[in-house]
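Coordinates as given in model.cif (mmCIF, C-alpha atoms and all ligand atoms):
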data_my_file
loop_
_atom_site.label_atom_id
_atom_site.label_comp_id
_atom_site.auth_asym_id
_atom_site.auth_seq_id
_atom_site.Cartn_x
_atom_site.Cartn_y
_atom_site.Cartn_z
CA MET V 288 -24.35 -26.87 129.37
CA SER V 289 -21.35 -26.96 127.04
CA ASP V 290 -22.01 -30.59 126.20
CA PHE V 291 -25.53 -29.70 125.17
CA LEU V 292 -24.12 -26.93 122.98
CA ILE V 293 -21.78 -29.32 121.20
CA LYS V 294 -24.71 -31.63 120.43
CA LYS V 295 -26.65 -28.65 119.16
CA ALA V 296 -23.77 -27.56 116.91
CA GLU V 297 -23.39 -31.07 115.56
CA LYS V 298 -27.06 -31.17 114.64
CA GLU V 299 -27.80 -27.61 113.57
CA HIS V 300 -24.38 -26.20 112.59
CA ASN V 301 -25.24 -22.99 114.32
CA LEU V 302 -24.21 -21.36 117.58
CA THR V 303 -24.30 -17.80 118.87
CA GLY V 304 -21.17 -15.87 119.79
CA ASP V 305 -21.92 -16.40 123.49
CA GLU V 306 -22.33 -20.12 123.00
CA LEU V 307 -19.07 -20.38 121.05
CA ALA V 308 -17.25 -18.39 123.74
CA GLU V 309 -18.65 -20.67 126.45
CA ILE V 310 -17.27 -23.76 124.72
CA LEU V 311 -13.92 -22.07 124.07
CA GLY V 312 -13.68 -21.12 127.74
CA ASN V 313 -14.42 -24.62 129.04
CA ASP V 314 -11.65 -27.21 128.82
CA GLU V 315 -13.60 -30.06 130.38
CA ILE V 316 -15.49 -30.86 127.23
CA ASN V 317 -12.61 -30.79 124.76
CA ARG V 318 -12.71 -34.52 123.96
CA ASN V 319 -16.40 -34.34 123.06
CA LEU V 320 -15.86 -31.26 120.92
CA LEU V 321 -12.98 -32.76 118.93
CA ASP V 322 -14.84 -36.06 118.45
CA ALA V 323 -17.96 -34.25 117.23
CA ALA V 324 -15.88 -32.27 114.70
CA ASN V 325 -14.28 -35.52 113.54
CA ARG V 326 -17.71 -37.09 112.96
CA ILE V 327 -18.96 -34.07 111.04
CA ARG V 328 -15.79 -34.03 108.95
CA GLU V 329 -16.32 -37.68 108.01
CA LYS V 330 -20.00 -37.19 107.29
CA TYR V 331 -19.62 -34.16 104.99
CA VAL V 332 -16.15 -34.34 103.43
CA GLY V 333 -15.31 -38.01 103.92
CA ASN V 334 -12.02 -39.74 104.61
CA ASP V 335 -10.02 -38.26 101.76
CA VAL V 336 -7.25 -35.83 102.68
CA HIS V 337 -6.40 -33.24 100.04
CA LEU V 338 -2.72 -32.44 99.67
CA ARG V 339 -1.70 -29.01 98.44
CA GLY V 340 1.91 -28.41 97.48
CA LEU V 341 3.13 -25.14 99.00
CA VAL V 342 5.68 -23.09 97.05
CA GLU V 343 7.13 -20.31 99.23
CA PHE V 344 8.40 -18.28 96.32
CA SER V 345 9.63 -15.09 98.03
CA ASN V 346 10.14 -13.92 101.60
CA LEU V 347 10.23 -10.24 100.63
CA CYS V 348 7.46 -8.24 102.29
CA SER V 349 6.54 -4.58 102.36
CA LYS V 350 4.29 -4.90 105.43
CA ASN V 351 5.10 -4.82 109.10
CA CYS V 352 2.70 -7.20 110.86
CA VAL V 353 4.19 -7.24 114.34
CA TYR V 354 4.03 -11.04 114.80
CA CYS V 355 5.65 -12.08 111.53
CA GLY V 356 9.28 -12.88 110.81
CA LEU V 357 8.97 -11.73 107.20
CA ARG V 358 8.00 -8.19 108.24
CA LYS V 359 9.79 -5.43 106.38
CA ASP V 360 11.72 -4.13 109.40
CA ASN V 361 13.24 -7.51 110.24
CA LYS V 362 16.84 -7.07 109.12
CA ASN V 363 17.94 -10.45 110.52
CA LEU V 364 16.58 -12.38 107.59
CA LYS V 365 18.28 -13.14 104.32
CA ARG V 366 15.72 -12.29 101.66
CA TYR V 367 15.08 -14.19 98.45
CA LYS V 368 12.91 -13.93 95.43
CA LEU V 369 12.67 -16.91 93.10
CA LYS V 370 12.77 -16.30 89.38
CA PRO V 371 9.52 -17.06 87.55
CA GLU V 372 11.18 -19.99 85.79
CA THR V 373 12.29 -21.45 89.13
CA ILE V 374 8.77 -21.15 90.54
CA ILE V 375 7.39 -22.94 87.50
CA ASP V 376 10.10 -25.59 87.83
CA PHE V 377 9.23 -26.24 91.52
CA ALA V 378 5.57 -26.49 90.52
CA GLN V 379 6.39 -28.98 87.77
CA LYS V 380 8.35 -31.13 90.19
CA ALA V 381 5.48 -31.01 92.69
CA VAL V 382 3.01 -32.15 90.05
CA SER V 383 5.36 -35.03 89.25
CA TYR V 384 5.10 -36.09 92.92
CA GLY V 385 1.33 -36.26 92.52
CA TYR V 386 0.12 -32.86 93.79
CA LYS V 387 -3.18 -31.72 92.26
CA THR V 388 -3.08 -28.26 93.80
CA LEU V 389 -0.23 -25.81 94.11
CA VAL V 390 -0.31 -22.97 96.59
CA LEU V 391 1.91 -20.05 95.59
CA GLN V 392 2.73 -18.04 98.70
CA SER V 393 4.93 -15.01 99.35
CA GLY V 394 5.15 -11.89 101.44
CA GLU V 395 3.14 -8.92 100.27
CA GLY V 396 4.24 -6.17 97.90
CA ASP V 397 5.02 -5.40 94.29
CA PHE V 398 8.19 -7.44 94.00
CA TYR V 399 6.86 -9.17 90.90
CA THR V 400 5.11 -7.33 88.12
CA THR V 401 1.51 -8.21 87.35
CA GLU V 402 2.75 -9.56 84.01
CA ASP V 403 5.22 -11.84 85.79
CA MET V 404 2.51 -13.24 88.05
CA ILE V 405 0.17 -13.78 85.12
CA HIS V 406 2.94 -15.62 83.27
CA ILE V 407 3.63 -17.83 86.30
CA VAL V 408 -0.07 -18.66 86.78
CA ARG V 409 -0.56 -19.40 83.07
CA GLU V 410 2.43 -21.70 82.84
CA ILE V 411 1.53 -23.63 86.00
CA LYS V 412 -2.05 -23.89 84.83
CA LYS V 413 -0.81 -25.84 81.81
CA LEU V 414 0.25 -28.57 84.23
CA ASP V 415 -2.60 -30.69 85.51
CA ALA V 416 -3.18 -28.75 88.74
CA ALA V 417 -5.41 -26.26 90.51
CA ILE V 418 -3.75 -23.03 91.65
CA THR V 419 -4.14 -21.21 94.94
CA LEU V 420 -2.58 -17.79 95.39
CA SER V 421 -1.55 -16.48 98.80
CA ILE V 422 0.11 -13.18 97.99
CA GLY V 423 -1.76 -10.68 100.12
CA GLU V 424 -3.79 -7.58 99.38
CA LYS V 425 -4.02 -6.57 95.72
CA THR V 426 -6.23 -4.30 93.67
CA GLU V 427 -9.48 -5.60 92.24
CA GLU V 428 -7.95 -5.34 88.78
CA GLU V 429 -5.01 -7.54 89.78
CA TYR V 430 -7.24 -10.13 91.45
CA LYS V 431 -9.28 -10.17 88.27
CA LEU V 432 -6.26 -10.64 85.99
CA PHE V 433 -4.90 -13.49 88.11
CA ARG V 434 -8.28 -15.16 88.08
CA GLN V 435 -8.48 -14.83 84.30
CA ALA V 436 -4.98 -16.26 84.03
CA GLY V 437 -6.26 -19.39 85.74
CA ALA V 438 -5.94 -19.01 89.51
CA ASP V 439 -8.70 -21.03 91.20
CA ARG V 440 -8.39 -20.08 94.85
CA PHE V 441 -7.05 -17.31 97.04
CA LEU V 442 -5.91 -17.41 100.65
CA LEU V 443 -5.99 -14.25 102.71
CA ARG V 444 -6.31 -14.67 106.43
CA ILE V 445 -8.24 -12.01 108.29
CA GLU V 446 -5.85 -12.89 111.19
CA THR V 447 -8.31 -11.47 113.75
CA THR V 448 -11.78 -9.95 113.49
CA ASP V 449 -11.14 -7.84 116.56
CA LYS V 450 -10.74 -4.39 114.99
CA GLN V 451 -8.76 -2.83 117.87
CA LEU V 452 -6.40 -5.77 118.04
CA TYR V 453 -6.01 -5.81 114.26
CA LYS V 454 -4.95 -2.19 114.33
CA LYS V 455 -2.33 -2.79 116.98
CA LEU V 456 -0.85 -5.77 115.17
CA HIS V 457 -0.91 -4.29 111.67
CA PRO V 458 0.46 -0.75 111.87
CA ASP V 459 0.39 -0.25 108.13
CA MET V 460 -2.82 -2.05 107.26
CA ASN V 461 -6.55 -1.49 107.39
CA HIS V 462 -9.14 -3.98 108.59
CA GLU V 463 -11.90 -2.71 106.36
CA ASN V 464 -9.69 -2.93 103.33
CA ARG V 465 -8.86 -6.52 104.15
CA ILE V 466 -12.54 -7.43 104.40
CA ASN V 467 -13.12 -5.69 101.08
CA CYS V 468 -10.34 -7.77 99.52
CA LEU V 469 -12.04 -10.94 100.76
CA LYS V 470 -15.35 -9.83 99.26
CA THR V 471 -13.71 -8.96 95.95
CA ILE V 472 -11.95 -12.34 95.82
CA ARG V 473 -15.24 -14.12 96.41
CA LYS V 474 -17.07 -11.99 93.87
CA LEU V 475 -14.51 -12.84 91.21
CA GLY V 476 -15.31 -16.53 91.58
CA TYR V 477 -12.23 -17.71 93.42
CA GLU V 478 -12.62 -20.28 96.15
CA LEU V 479 -12.06 -18.11 99.19
CA GLY V 480 -9.73 -19.04 101.99
CA THR V 481 -9.26 -17.08 105.18
CA GLY V 482 -8.49 -17.80 108.81
CA SER V 483 -7.06 -16.57 112.08
CA LEU V 484 -4.11 -16.64 114.39
CA ILE V 485 -4.83 -18.05 117.84
CA GLY V 486 -3.34 -16.69 121.04
CA LEU V 487 -2.47 -13.20 119.93
CA PRO V 488 -1.73 -10.87 122.87
CA GLY V 489 -5.00 -9.46 124.14
CA GLN V 490 -7.18 -11.86 122.14
CA THR V 491 -10.19 -13.16 124.08
CA VAL V 492 -12.50 -16.17 123.64
CA GLU V 493 -15.20 -13.68 122.70
CA SER V 494 -13.05 -12.37 119.89
CA LEU V 495 -12.26 -15.92 118.72
CA ALA V 496 -16.00 -16.65 118.72
CA GLY V 497 -16.39 -13.57 116.51
CA ASP V 498 -13.78 -15.00 114.11
CA ILE V 499 -15.75 -18.23 113.70
CA LEU V 500 -18.98 -16.33 113.01
CA PHE V 501 -17.11 -14.18 110.51
CA PHE V 502 -15.91 -17.27 108.60
CA LYS V 503 -19.54 -18.24 108.13
CA GLU V 504 -20.69 -14.78 107.22
CA ILE V 505 -18.03 -14.14 104.60
CA GLY V 506 -18.85 -17.45 102.88
CA ALA V 507 -15.37 -18.95 103.13
CA ASP V 508 -14.57 -22.19 101.32
CA MET V 509 -11.39 -22.85 103.30
CA ILE V 510 -10.31 -21.87 106.79
CA GLY V 511 -6.76 -22.08 108.08
CA ILE V 512 -6.31 -21.81 111.83
CA GLY V 513 -2.97 -21.81 113.56
CA PRO V 514 -1.36 -20.76 116.82
CA PHE V 515 0.60 -17.53 116.97
CA ILE V 516 4.22 -18.54 117.66
CA PRO V 517 6.43 -15.69 118.94
CA ASN V 518 9.41 -14.90 116.72
CA ARG V 519 12.46 -13.33 118.39
CA ASP V 520 13.08 -11.06 115.43
CA THR V 521 9.74 -9.30 115.92
CA PRO V 522 8.24 -6.84 118.43
CA LEU V 523 6.15 -9.68 119.91
CA LYS V 524 9.21 -11.72 120.87
CA ASP V 525 8.40 -11.77 124.59
CA GLU V 526 4.74 -12.72 124.25
CA LYS V 527 3.40 -16.07 125.32
CA GLY V 528 1.99 -17.31 122.03
CA GLY V 529 -1.05 -19.43 121.29
CA SER V 530 -1.70 -22.94 122.55
CA PHE V 531 -2.13 -26.05 120.48
CA GLU V 532 -5.34 -26.92 122.33
CA MET V 533 -7.03 -23.58 121.74
CA SER V 534 -6.12 -23.70 118.05
CA LEU V 535 -7.61 -27.17 117.84
CA LYS V 536 -10.81 -26.04 119.54
CA VAL V 537 -11.32 -23.07 117.22
CA MET V 538 -10.70 -25.39 114.27
CA ALA V 539 -13.16 -28.00 115.57
CA LEU V 540 -15.88 -25.40 116.12
CA THR V 541 -15.27 -24.06 112.62
CA ARG V 542 -15.89 -27.57 111.27
CA LEU V 543 -19.12 -27.89 113.28
CA LEU V 544 -20.45 -24.60 111.93
CA LEU V 545 -19.16 -25.02 108.37
CA PRO V 546 -19.45 -28.78 107.76
CA ASP V 547 -18.55 -28.93 104.07
CA ILE V 548 -15.57 -26.58 103.77
CA ASN V 549 -11.89 -27.48 103.45
CA ILE V 550 -9.84 -27.11 106.61
CA PRO V 551 -6.08 -27.63 106.67
CA ALA V 552 -4.16 -29.21 109.51
CA THR V 553 -1.71 -26.33 109.62
CA THR V 554 2.07 -26.47 109.76
CA ALA V 555 2.08 -24.16 112.78
CA MET V 556 0.04 -26.76 114.71
CA GLU V 557 2.70 -29.38 114.04
CA SER V 558 5.39 -26.92 115.09
CA LEU V 559 3.86 -26.92 118.59
CA ASN V 560 3.08 -30.64 118.75
CA PRO V 561 4.98 -33.39 116.89
CA GLN V 562 1.66 -35.11 116.16
CA GLY V 563 -0.15 -31.85 115.52
CA ARG V 564 -1.29 -32.41 111.96
CA LEU V 565 -2.55 -35.93 112.65
CA ILE V 566 -4.45 -34.78 115.71
CA ALA V 567 -5.93 -31.91 113.67
CA LEU V 568 -6.96 -34.35 110.92
CA GLN V 569 -8.87 -36.27 113.59
CA SER V 570 -10.49 -33.11 114.98
CA GLY V 571 -12.09 -31.65 111.87
CA ALA V 572 -9.31 -31.03 109.33
CA ASN V 573 -9.23 -32.62 105.85
CA VAL V 574 -6.34 -30.88 104.08
CA VAL V 575 -2.54 -30.81 104.49
CA MET V 576 -0.21 -28.38 102.73
CA PRO V 577 3.22 -29.98 102.52
CA ASN V 578 6.12 -27.79 101.52
CA VAL V 579 7.35 -28.27 97.94
CA THR V 580 9.92 -25.46 98.05
CA GLU V 581 13.38 -26.81 97.33
CA GLY V 582 16.71 -26.16 99.06
CA GLU V 583 17.68 -23.38 101.46
CA TYR V 584 14.56 -21.30 100.78
CA ARG V 585 12.48 -23.42 103.17
CA ALA V 586 14.50 -22.23 106.15
CA LEU V 587 14.46 -18.63 104.92
CA TYR V 588 10.67 -18.52 104.80
CA LYS V 589 10.73 -18.02 108.53
CA LEU V 590 7.39 -16.72 109.71
CA TYR V 591 7.99 -18.19 113.18
CA PRO V 592 10.59 -20.41 114.87
CA GLY V 593 10.40 -24.20 114.97
CA LYS V 594 8.91 -24.50 111.50
CA ILE V 595 8.84 -28.15 110.48
CA CYS V 596 10.46 -29.79 107.43
CA ILE V 597 13.07 -27.08 106.85
CA ASN V 598 15.78 -29.67 106.12
CA ASP V 599 13.58 -32.08 104.19
CA THR V 600 12.99 -32.44 100.46
CA PRO V 601 9.63 -32.28 98.70
CA ALA V 602 9.91 -35.98 97.84
CA HIS V 603 10.58 -36.87 101.47
CA CYS V 604 7.65 -34.80 102.78
CA ARG V 605 5.31 -36.30 100.24
CA GLY V 606 6.21 -39.82 101.39
CA CYS V 607 6.15 -38.82 105.05
CA ILE V 608 2.71 -37.28 105.00
CA THR V 609 1.20 -40.05 102.87
CA GLY V 610 2.44 -42.61 105.39
CA LYS V 611 0.99 -40.63 108.28
CA ILE V 612 -2.39 -40.25 106.57
CA HIS V 613 -2.60 -43.97 105.86
CA GLY V 614 -1.57 -44.61 109.45
CA ILE V 615 -4.80 -43.04 110.70
CA ASN V 616 -6.90 -44.94 108.14
CA ARG V 617 -7.45 -42.03 105.84
CA THR V 618 -6.85 -41.80 102.10
CA VAL V 619 -5.00 -39.29 99.93
CA SER V 620 -7.40 -37.64 97.51
CA LYS V 621 -6.78 -38.05 93.81
CA ASP V 622 -8.89 -35.10 92.71
CA TYR V 623 -8.34 -31.34 92.75
CA GLY V 624 -10.03 -30.94 96.08
CA PHE V 625 -12.50 -28.19 95.33
CA ARG V 626 -15.16 -27.65 97.96
CA LYS V 627 -18.20 -29.79 97.28
CA LYS V 628 -20.87 -27.41 98.48
CA ILE V 629 -23.72 -28.84 100.48
CA PHE V 630 -24.56 -25.68 102.39
CA GLN V 631 -24.94 -22.33 100.67
CA SER V 632 -23.59 -19.33 102.49
CA LYS V 633 -25.99 -16.62 103.58
CA SER V 634 -24.42 -13.73 101.75
N1 LIG V 701 3.11 -17.45 114.17
C1 LIG V 701 2.20 -18.17 113.49
N2 LIG V 701 1.74 -17.83 112.26
C2 LIG V 701 2.24 -16.73 111.70
N3 LIG V 701 1.97 -16.12 110.51
C3 LIG V 701 2.76 -15.04 110.41
N4 LIG V 701 3.53 -14.91 111.50
C4 LIG V 701 3.22 -15.94 112.33
C5 LIG V 701 3.66 -16.35 113.63
N5 LIG V 701 4.58 -15.67 114.31
C6 LIG V 701 0.92 -16.58 109.61
C7 LIG V 701 -0.10 -15.47 109.32
C8 LIG V 701 -0.10 -15.35 107.81
C9 LIG V 701 0.49 -16.67 107.39
C10 LIG V 701 1.13 -16.66 106.04
O1 LIG V 701 1.45 -16.95 108.38
O2 LIG V 701 -1.37 -15.87 109.77
O3 LIG V 701 -1.36 -15.13 107.25
FE1 LIG V 702 4.16 -9.75 105.32
FE2 LIG V 702 2.20 -11.59 105.49
FE3 LIG V 702 4.18 -11.53 107.31
FE4 LIG V 702 2.33 -9.57 107.29
S1 LIG V 702 1.97 -11.80 107.73
S2 LIG V 702 4.57 -9.27 107.47
S3 LIG V 702 1.93 -9.36 105.09
S4 LIG V 702 4.38 -12.01 105.13
FE1 LIG V 703 7.92 -32.87 105.86
FE2 LIG V 703 7.01 -35.04 107.37
S1 LIG V 703 5.88 -33.66 106.07
S2 LIG V 703 9.09 -34.38 106.99
#

With the file now loaded, output its structure as structure tokens.
Amino acid sequence: MSDFLIKKAEKEHNLTGDELAEILGNDEINRNLLDAANRIREKYVGNDVHLRGLVEFSNLCSKNCVYCGLRKDNKNLKRYKLKPETIIDFAQKAVSYGYKTLVLQSGEGDFYTTEDMIHIVREIKKLDAAITLSIGEKTEEEYKLFRQAGADRFLLRIETTDKQLYKKLHPDMNHENRINCLKTIRKLGYELGTGSLIGLPGQTVESLAGDILFFKEIGADMIGIGPFIPNRDTPLKDEKGGSFEMSLKVMALTRLLLPDINIPATTAMESLNPQGRLIALQSGANVVMPNVTEGEYRALYKLYPGKICINDTPAHCRGCITGKIHGINRTVSKDYGFRKKIFQSKS
């Protein structure tokens, strides 16, 4: 039955929640699923891999997500906040290494003024690069100002679509508000990125199936999927964490249902498996986000333990990932890597 469902997904790019849950619950058909996602990736987005340079510009956060090492109540973390000029400098260096997109990521909160953020976006926009922001929940006015300043894309993971679970994991946040943020971001003409954590305590295959359907419904242009990795400085320190295989399966199904979107091979996947990003690139992914943060800050941006590349330089990572991509007969894209839409979303 599951094999039939994979064929159906490959042909029609549609499955029900029950069908998705059945595939997620059956490990005998994993090879077929990953191969089908790889074929659909090649057919719709080709062999190019888009590289996005990730600048982790501050690990300050005013939220308390119970899985995350950057949470406000974690006192075991040395906090940093890069000066606007340093952020722009890291971006400049990244562009000189050939990056066509910069992702500016930080914890959430008002640690930078809106004017500062606008200045940073404007200056980086003068370089020849697209800009993705990943700075959490903001007001509509702020999203609008950042968009006007030149930001092209926004990443805001829904983390889980299971409302009860969301509430437990995010004591100071609101699920509805998060969905509203995603809608606002889309309305303002950003490319919209979202995604989920896999293997959260209490998360079921049914709830993961719901996540995949949500990605389609919200009209996402990018989906980042990664395993939850327990961090000992958080309340979830004794939990089991997500598996590499389940993360890969959710990612592959996302590719089958959303053939033309951008899907990163996430850093968290490689943290669980030394070949994780390459395996992901051969199971539906077409994007990698190498770290372009310089110096000690890499290690301080500690969402979870075992994060890769913390002692490497941006130049080294660039060379490393290019070599790996060529090693699996793929090419590094030379363009900005916007989604080339073939399918229109429903909403
Ligand atoms: N394991 C894996 N991913 C995590 N994130 C936060 N904490 C963890 C963890 N312990 C992810 C969240 C967030 C992104 C920036 O990092 O999904 O959206
Ligand atoms: Fe802050 Fe994001 Fe971590 Fe939540 S997941 S604590 S908002 S950095
Ligand atoms: Fe950083 Fe390979 S990508 S060392």

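We find CA of Arg318 in chain V and CA of Asp290 in chain V to be spaced 10.3 Å apart.
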
Counting only C-alpha atoms and all ligand atoms, which protein, DNA or RNA residues come within 12 Å of ligand LIG 702 (chain V), given as an MDAnalysis selection string?
chainID V and resid 343:361 366 392:397 421:425 442:447 453 456:461 465 483:484 515 518 520:522 588:591

Kindly work out which residues sit at most 12 Å from ligand LIG 703 (chain V), using only C-alpha atoms and all ligand atoms, and give the list as an MDAnalysis selection string.
chainID V and resid 338:341 552:554 557:558 561:565 575:581 585 594:612

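Counting from CA of Lys527 in chain V, the distance to CA of Pro488 in chain V is 7.7 Å.
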
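Pairwise distance (CA of Ala296 in chain V, CA of Asn317 in chain V) equals 14.0 Å.
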
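Considering the residues V:Gln569, V:Ser534, V:Thr388, V:Gln490 and counting only C-alpha atoms and all ligand atoms, ligand LIG 701 (chain V) has its shortest atom-to-atom contact with V:Ser534.
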
Range 437-440 of chain V, all listed atoms, 6 Å padding on each side: what axis-aligned box centre and edge lengths in Å to one decimal come out, as JSON?
{"center_x": -7.3, "center_y": -20.0, "center_z": 90.3, "size_x": 14.8, "size_y": 14.0, "size_z": 21.1}

For range 303-315 of chain V, please output as a ChimeraX atom specification all residues within 8 Å (counting all atoms listed in the file; exclusion window: fewer than 2 positions along the same chain).
/V:289,292-293,301,317-318,492-493,495-497,500,533,536-537,540

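Closest approach to ligand LIG 701 (chain V) from the set V:Ala539, V:Ile374, V:Ile510, V:Ala572 is made by V:Ile510, with distances taken over all atoms listed in the file.
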
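Minimum distance to ligand LIG 701 (chain V) across V:Leu475, V:Ile629, V:Ala324, V:Met556 (counting only C-alpha atoms and all ligand atoms) occurs at V:Met556.
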
Would you mind listing what lies within 10 Å of range 506-508 of chain V as a PyMOL selection string, with all atoms listed in the file counted and same-chain residues fewer than 2 positions away left out?
chain V and resi 440-442+469-470+473+477-482+501-504+510+545+547-550+625-628+631-634

For ligand LIG 701 (chain V), which residue out of V:Leu414, V:Met509, V:Leu568, V:Ala555 is the nearest one, using only C-alpha atoms and all ligand atoms?
V:Ala555
